[in-house]
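Undergrad: As input, take input34.cif (mmCIF, C-alpha atoms):
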```cif
data_data
loop_
_atom_site.label_atom_id
_atom_site.label_comp_id
_atom_site.auth_asym_id
_atom_site.auth_seq_id
_atom_site.Cartn_x
_atom_site.Cartn_y
_atom_site.Cartn_z
CA MET A 35 153.12 98.53 78.66
CA GLN A 36 152.99 101.68 76.51
CA GLN A 37 155.44 103.29 78.93
CA ASN A 38 157.84 100.37 78.45
CA VAL A 39 157.58 100.69 74.67
CA ARG A 40 158.32 104.43 74.87
CA ALA A 41 161.30 103.68 77.12
CA MET A 42 162.62 101.09 74.63
CA LEU A 43 162.24 103.55 71.75
CA ALA A 44 164.05 106.22 73.78
CA GLN A 45 166.86 103.73 74.46
CA ALA A 46 167.03 102.97 70.73
CA ALA A 47 167.33 106.67 69.92
CA GLN A 48 170.10 107.13 72.51
CA ALA A 49 171.97 104.10 71.18
CA ASP A 50 171.63 105.45 67.62
CA ASP A 51 173.05 108.81 68.73
CA ALA A 52 175.94 107.06 70.48
CA ALA A 53 176.65 104.92 67.40
CA GLN A 54 176.72 107.99 65.16
CA ALA A 55 179.02 109.88 67.54
CA LEU A 56 181.37 106.90 67.74
CA GLN A 57 181.41 106.57 63.95
CA ARG A 58 182.28 110.27 63.61
CA ARG A 59 185.09 109.83 66.15
CA ALA A 60 186.42 106.77 64.32
CA GLN A 61 186.38 108.73 61.07
CA ARG A 62 188.31 111.64 62.64
CA LEU A 63 190.82 109.20 64.10
CA GLU A 64 191.26 107.54 60.69
CA GLU A 65 191.82 110.94 59.07
CA PHE A 66 194.38 111.73 61.76
CA ALA A 67 196.06 108.35 61.20
CA ALA A 68 196.42 109.19 57.50
CA HIS A 69 198.06 112.50 58.48
CA ARG A 70 200.27 111.03 61.23
CA ALA A 71 203.24 110.35 58.92
CA GLN A 72 203.39 114.07 58.04
CA LEU A 73 203.67 115.23 61.65
CA GLY A 74 207.43 115.25 61.99
CA ALA A 75 209.05 115.84 65.37
CA ILE A 76 206.73 117.14 68.06
CA ASP A 77 208.57 119.51 70.39
CA LEU A 78 206.47 120.74 73.31
CA THR A 79 209.21 122.82 74.94
CA SER A 80 207.59 126.22 74.39
CA THR A 81 204.21 124.82 75.41
CA ALA A 82 205.65 123.54 78.68
CA GLU A 83 207.46 126.83 79.31
CA ALA A 84 204.23 128.78 78.78
CA VAL A 85 202.36 126.59 81.29
CA CYS A 86 205.11 127.00 83.89
CA ALA A 87 205.47 130.77 83.44
CA PRO A 88 204.53 132.82 86.53
CA ARG A 89 201.26 134.00 84.97
CA GLY A 90 200.66 130.78 83.05
CA LEU A 91 199.25 130.82 79.54
CA ARG A 92 197.83 134.34 79.85
CA GLN A 93 201.12 136.03 78.97
CA HIS A 94 201.99 133.75 76.03
CA ARG A 95 200.33 134.07 72.65
CA HIS A 96 202.07 131.15 70.92
CA HIS A 97 202.09 128.25 73.31
CA ARG A 98 201.11 125.37 71.05
CA TRP A 99 202.97 123.07 68.71
CA ALA A 100 201.19 123.03 65.37
CA ASP A 101 201.38 122.04 61.76
CA HIS A 102 198.73 122.91 59.18
CA GLN A 103 196.31 120.23 60.52
CA VAL A 104 197.30 119.46 64.13
CA SER A 105 197.61 121.61 67.22
CA ILE A 106 199.03 120.27 70.48
CA GLY A 107 199.15 122.36 73.59
CA PHE A 108 197.67 123.29 76.93
CA SER A 109 194.46 125.12 77.71
CA ASP A 110 193.72 126.89 80.96
CA VAL A 111 190.65 125.15 82.42
CA ASP A 112 190.82 126.77 85.87
CA PRO A 113 191.76 125.14 88.03
CA GLY A 114 194.62 123.60 86.16
CA TYR A 115 195.74 122.97 82.63
CA GLN A 116 194.58 120.45 80.07
CA LEU A 117 196.81 118.98 77.36
CA ARG A 118 194.85 118.76 74.10
CA VAL A 119 195.38 117.38 70.62
CA VAL A 120 193.18 119.15 68.07
CA PHE A 121 192.92 118.07 64.44
CA GLY A 122 191.44 119.18 61.14
CA ALA A 123 189.73 122.19 59.68
CA ARG A 124 186.88 121.88 62.20
CA ARG A 125 189.42 121.82 65.04
CA SER A 126 188.09 118.57 66.49
CA GLN A 127 189.58 117.63 69.82
CA LEU A 128 190.92 114.09 69.60
CA TRP A 129 192.38 113.67 73.07
CA SER A 130 192.85 115.57 76.30
CA ALA A 131 194.44 114.98 79.69
CA MET A 132 194.71 117.11 82.80
CA LEU A 133 198.24 118.16 83.74
CA PRO A 134 198.88 116.91 87.28
CA PRO A 135 199.74 119.89 89.53
CA LYS A 136 202.74 118.02 90.98
CA VAL A 137 204.19 117.71 87.45
CA ARG A 138 203.72 121.44 86.81
CA ARG A 139 205.39 122.32 90.11
CA ARG A 140 208.51 120.40 89.02
CA GLY A 141 209.13 122.78 86.11
CA ALA A 142 208.99 123.15 82.37
CA GLU A 143 211.34 120.25 81.54
CA VAL A 144 209.26 117.77 83.54
CA VAL A 145 206.05 119.16 82.00
CA ARG A 146 207.55 118.79 78.51
CA ALA A 147 208.60 115.20 79.18
CA TRP A 148 205.18 114.35 80.64
CA ALA A 149 203.30 115.96 77.73
CA GLU A 150 205.46 114.30 75.07
CA GLU A 151 205.03 110.93 76.77
CA VAL A 152 201.24 111.34 76.90
CA VAL A 153 201.07 112.37 73.24
CA ALA A 154 203.36 109.49 72.23
CA GLY A 155 201.04 107.08 74.05
CA TRP A 156 198.02 108.45 72.18
CA LEU A 157 199.84 108.09 68.86
CA GLN A 158 201.01 104.55 69.64
CA GLY A 159 197.51 103.48 70.62
CA LEU A 160 195.83 105.12 67.62
CA ASP A 161 195.24 101.97 65.53
CA ALA A 162 193.86 100.05 68.52
CA GLU A 163 191.61 102.99 69.43
CA ILE A 164 190.23 103.14 65.89
CA ALA A 165 189.36 99.43 66.01
CA THR A 166 187.85 99.72 69.49
CA THR A 167 185.80 102.77 68.51
CA HIS A 168 184.41 100.96 65.45
CA GLY A 169 183.53 98.01 67.71
CA HIS A 170 181.74 100.24 70.21
CA ALA A 171 179.82 101.95 67.37
CA GLU A 172 178.71 98.58 66.03
CA THR A 173 177.63 97.45 69.49
CA ALA A 174 175.62 100.65 70.00
CA GLY A 175 173.95 100.12 66.62
CA GLN A 176 173.04 96.57 67.61
CA ARG A 177 171.60 97.81 70.92
CA ALA A 178 169.47 100.32 69.03
CA ALA A 179 168.18 97.66 66.64
CA ALA A 180 167.43 95.28 69.51
CA ALA A 181 165.54 97.96 71.45
CA ARG A 182 163.48 98.87 68.36
CA ALA A 183 162.73 95.19 67.71
CA ALA A 184 161.68 94.66 71.32
CA ALA A 185 159.43 97.73 71.18
CA GLY A 186 157.89 96.52 67.93
CA ALA A 187 157.29 93.04 69.28
CA ALA A 188 155.78 94.22 72.55
CA ASP A 189 152.15 93.31 72.97
CA THR A 190 150.45 96.57 73.90
CA SER A 191 146.94 95.17 73.85
CA GLU A 192 145.08 94.87 77.10
CA PRO A 193 145.22 91.45 78.76
CA ASP A 194 142.13 89.26 78.26
CA ASP A 195 141.33 89.20 81.97
CA LEU A 196 141.34 93.03 82.06
CA VAL A 197 138.99 93.20 79.07
CA ALA A 198 136.70 90.64 80.75
CA ALA A 199 136.81 92.55 84.04
CA ARG A 200 135.83 95.80 82.28
CA ARG A 201 132.89 94.06 80.59
CA GLU A 202 131.80 92.60 83.91
CA LEU A 203 132.09 96.00 85.58
CA ALA A 204 129.98 97.58 82.83
CA GLU A 205 127.28 94.95 83.34
CA VAL A 206 127.33 95.51 87.11
CA ASP A 207 127.12 99.29 86.57
CA LYS A 208 124.10 98.85 84.24
CA ALA A 209 122.38 96.61 86.79
CA ILE A 210 122.96 99.15 89.57
CA GLN A 211 121.68 102.04 87.49
CA ALA A 212 118.63 100.02 86.40
CA GLU A 213 117.88 99.28 90.04
CA LEU A 214 118.23 102.98 90.93
CA GLY A 215 116.27 104.07 87.89
CA GLY A 216 118.98 106.28 86.36
CA PRO A 217 121.22 106.04 83.30
CA ALA A 218 124.26 103.77 83.49
CA ALA A 219 127.73 105.34 83.47
CA GLY A 220 128.59 106.40 79.92
CA GLU A 221 124.89 106.66 78.92
CA THR A 222 122.84 109.80 78.80
CA ALA A 223 119.23 110.19 79.83
CA ALA A 224 116.89 110.54 76.85
#
```
As structure tokens, please, write out the structure in this file.
TA:
Amino acid sequence: MQQNVRAMLAQAAQADDAAQALQRRAQRLEEFAAHRAQLGAIDLTSTAEAVCAPRGLRQHRHHRWADHQVSIGFSDVDPGYQLRVVFGARRSQLWSAMLPPKVRRRGAEVVRAWAEEVVAGWLQGLDAEIATTHGHAETAGQRAAAARAAAGAADTSEPDDLVAARRELAEVDKAIQAELGGPAAGETAA
């Protein structure tokens, strides 16, 4: 039973960690939502050209669209490229998506269109994602509380029949030792 209680407490700790991470994400998304109106037009042309260059991103120093808070561009993750949206002073990654190789093979214009469509989808779904993230954080917090409550309510005492069996075994052991003339288990000879 003690093992089950430890497992429930470990589950509670994991759920607490998940709830905190989800709350931090929701907060970052809310901060980004407040900044969204200041973004202006997002043009990923140079980013797409850098990804499609013969040597990829290695030969381009400025391959991201950025304002003072947001950076949108590709990172070389070998193999392939990952589109990322990074936000804030701590450079928190909000979203990422792998660039399909077949899109990259079709050229910079197709890559630009794909990337701008993906980013537009993230921006359009921002309010729903914030609400969903808050909901998931609340659910994780409830799971943690339920696991802690279950661990606290668990009866870790030994069952009555086990206690009775141990007493009976001790009596049998004493009787055997008395018959043999030696000390019973747990006793020392005087």
Undergrad: Pick from A:Pro135, A:Ile210, A:Leu128, A:Arg62: nearest to Asp112 of chain A, with only C-alpha atoms counted?
TA: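 Smallest separation from Asp112 of chain A among the options: A:Pro135.
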Undergrad: I'd like to know which of A:Gln36, A:Asp194, A:Arg58, A:Ala68 is closest to Asp161 of chain A, using only C-alpha atoms.
TA: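 That would be A:Ala68, the residue with the smallest distance to Asp161 of chain A.
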Undergrad: Between A:Leu203, A:Gln72, A:Ala55, A:Leu63, which one has atoms that come closest to Gly159 of chain A, using all atoms listed in the file?
TA: A:Leu63
Undergrad: Show me, as a ChimeraX atom specification, the residues that have an atom within 12 Å of Ser126 of chain A when counting all atoms listed in the file, minus same-chain residues fewer than 6 positions from it.
TA: /A:58-59,61-63,65-66,103-106,118-120
Undergrad: Would you please work out which residue, of A:Asp207, A:Gly215, A:Met42, A:His170, is nearest to Leu56 of chain A when using all atoms listed in the file?
TA: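 Residue with the minimum atom-to-atom distance to Leu56 of chain A: A:His170.
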Undergrad: Could you work out how far atom CA of Thr81 of chain A lies from atom CA of Ser109 of chain A, giving the answer in Å with one decimal?
TA: 10.0 Å
Undergrad: Taking all atoms listed in the file into account, which of A:Glu64, A:Ala75, A:Glu163, A:Ala171 comes nearest Gly122 of chain A?
TA: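 Counting all atoms listed in the file, the residue closest to Gly122 of chain A is A:Glu64.
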Undergrad: What's the separation between atom CA of Arg146 of chain A and atom CA of Ala71 of chain A, in Å to one decimal place?
TA: 21.8 Å
